[in-house]
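Okay, structure first, notes after.
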Amino acid sequence: MAESPRSEATRAVKAAARACGAAAVRIATARPDPVTVERMRDAFARGDFATWPYDDAYAARASDPATLLPGARSVVCVAMPYATPAPRERRGRGRVSAYAWSADYHRRMQTLLRAIAAQIDALAGEPATRVACDTAPLAERAFAARSGLGWIGKHTSAIVPGLGSAVFLGEVVTTLELEPDPPLKTSCGACTRCIDVCPTGALRGDGTIDARRCISDLTQRRDAIPRALRPLIGTWVWGCDLCNDACPPSQRAGARGDTASRPLEEEHAAPDLGALLRVRGARFRRWRRTAMGWRGAAVLRRNAAVALGNGLDRADVPALAQALRDDPSALVREHAAWALGRIGSPPALAALREALAGDAAPAVREEARAALEPRRPAEAFRF
């Protein structure tokens with residue numbers, strides 16, 4: 001029996017996506033998703049994403065591909081794995097999520113998606129696409145689940161069969177009517193490894209996350225990291241891979257990332273914390289090539305200060321004391337003060353007393369004052 005035009009177009013689109021470099025491709029209908037709207041609105045109401053500028057209007061846009069492309073009928077969902085072997089942990093070095101130590105993935109995914117979109121436009125005989133990759137209001141994971149590209153794990157990431165959850169997602173929204181794939185019937189079952197490994201308790205176990213407690217989000221926020229959560233961040237200076245690394249499907253998939261997913265430099269995968277604490281100006285250019293650059297140098301310096309504080313090494317006190325005296329960002333000085341209080345050596349306390357007496361920023365003086373107070377273990381992790 002002859003193949004229908006829709007089936008033929010669907011097969012051609014999937015073949016084009018794989019030829020362009022997609023490791024997995026599935027198709028969802030572009031109908032609005034009221035379940036996703038309610039899920040997102042519930043999350044906003046709980047304050048789960050209070051550090052991000054999301055609202056109910058965003059939820060409505062993200063769940064309806066027609067807001068991205070009027071007349072949308074289908075969403076082509078693709079995945080690209082990025083996991084590559086992590087460097088061993090070393091004293092004085094920070095940790096970076098694997099997604100961020102190579103060239104900025106937005107550019108790589110945009111290149112892939114535009115190549116797929118060009119093939120679809122050629123098939124349609126006219127412009128018939130828009131692309132999205134964490135750069136437009138589109139509920140990527142919801143459409144990935146609807147298409148059967150993967151299922152949403154208890155760590156809230158999409159788990160793609162054979163690839164795990166260390167994947168970049170991207171979408172091509174099109175006005176072509178393609179044959180949709182069914183969602184997967186797979187689930188995480190009784191597994192709670194991602195929940196158990198999360199040091200901040202960000203994962204609730206019901207498929208929701210309090211991003212205010214997620215290390216990945218904490219390292220990306222622009223303001224002060226809540227004091228009670230800083231010790232739990234460890235030496236992560238950008239992102240966190242703990243829940244992905246603990247996920248059995250991800251462990252089975254292994255390091256599936258290609259050569260483009262490897263660190264651009266050793267410093268991007270395991271940065272020298274002392275050097276990162278001083279990065280600004282021309283030194284920051286090397287970080288702009290990665291996904292770590294978009295928040296600016298001060299955020300990276302702040303994260304380095306927290307990581308040094310968690311290292312509890314008195315050898316780092318001079319660098320932190322210098323940052324407390326000289327860093328132009330009050331945000332960085334505030335976290336350097338916390339780190340010095342965490343180490344608590346006599347030179348660290350002397351630097352804190354100097355800041356308490358002379359720093360112009362109230363937040364820095366308050367952090368120095370708190371760091372000089374006697375420790376109260378019962379209150380240390382209150383949040």
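Convention: chains lettered A, B, ... in structure tokens order; per-chain residue numbering from 1; ligands numbered from 1 as shown.
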> Which of stretch 1-203 of chain A counts as alpha helix (DSSP H) under DSSP, as JSON, numbers by chain please?
Replying inline: {"A": [5, 6, 7, 8, 9, 10, 11, 12, 13, 14, 15, 16, 17, 18, 19, 20, 34, 35, 36, 37, 38, 39, 40, 41, 42, 43, 44, 45, 46, 56, 57, 58, 59, 60, 61, 62, 105, 106, 107, 108, 109, 110, 111, 112, 113, 114, 115, 116, 117, 118, 119, 120, 121, 122, 123, 124, 140, 141, 142, 143, 144, 145, 146, 147, 193, 194, 195, 196, 197]}
Give me the residues of stretch 249-293 of chain A that have any atom at most 12 Å from an atom of stretch 13-28 of chain A; for each, the nearest atom pair and the distance in Å, rounded to one decimal. Use only C-alpha atoms, sort by chain and number, and format it as JSON lines.
{"residue": "A:Arg256", "atom": "CA", "partner": "A:Ala23", "partner_atom": "CA", "distance": 9.8}
{"residue": "A:Gly257", "atom": "CA", "partner": "A:Ala23", "partner_atom": "CA", "distance": 10.1}
{"residue": "A:Asp258", "atom": "CA", "partner": "A:Ala23", "partner_atom": "CA", "distance": 10.7}
Just write the chosen residues, N, CA and C atoms, as an mmCIF file, in the first residue's frame.
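Result went into again_13.cif, see below:
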data_model
loop_
_atom_site.group_PDB
_atom_site.id
_atom_site.type_symbol
_atom_site.label_atom_id
_atom_site.label_comp_id
_atom_site.auth_asym_id
_atom_site.auth_seq_id
_atom_site.Cartn_x
_atom_site.Cartn_y
_atom_site.Cartn_z
ATOM 1 N N ARG A 256 28.177 9.669 26.429
ATOM 2 C CA ARG A 256 27.765 9.604 25.025
ATOM 3 C C ARG A 256 28.052 10.890 24.250
ATOM 4 N N GLY A 257 28.578 11.902 24.922
ATOM 5 C CA GLY A 257 28.853 13.147 24.225
ATOM 6 C C GLY A 257 29.961 12.999 23.193
ATOM 7 N N ASP A 258 29.887 13.779 22.114
ATOM 8 C CA ASP A 258 30.912 13.722 21.076
ATOM 9 C C ASP A 258 32.093 14.617 21.447
#
> Given the choices A:Gly148, A:Gly201, A:Pro362, A:Gly125, which gets closest to A:Arg333 if the distance is worked out from only C-alpha atoms?
Replying inline: A:Pro362
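Closest approach to A:Glu267 among A:Arg342, A:Arg95, A:Arg365, A:Arg73 is made by A:Arg95 (distances from only C-alpha atoms).
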> as a ChimeraX atom specification, which residues of stretch 81-259 of chain A does DSSP assign to strand (DSSP E)?
Replying inline: /A:81,95-96,129-132,151-152,158-159,167-174,236-238
>> Calculated over only C-alpha atoms, which of the candidates A:Ala270, A:Ala321, A:Val160, A:Ala224 has the smallest distance to A:Cys247?
In response: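 Looking only at the distances to A:Cys247, the closest residue turns out to be A:Val160.
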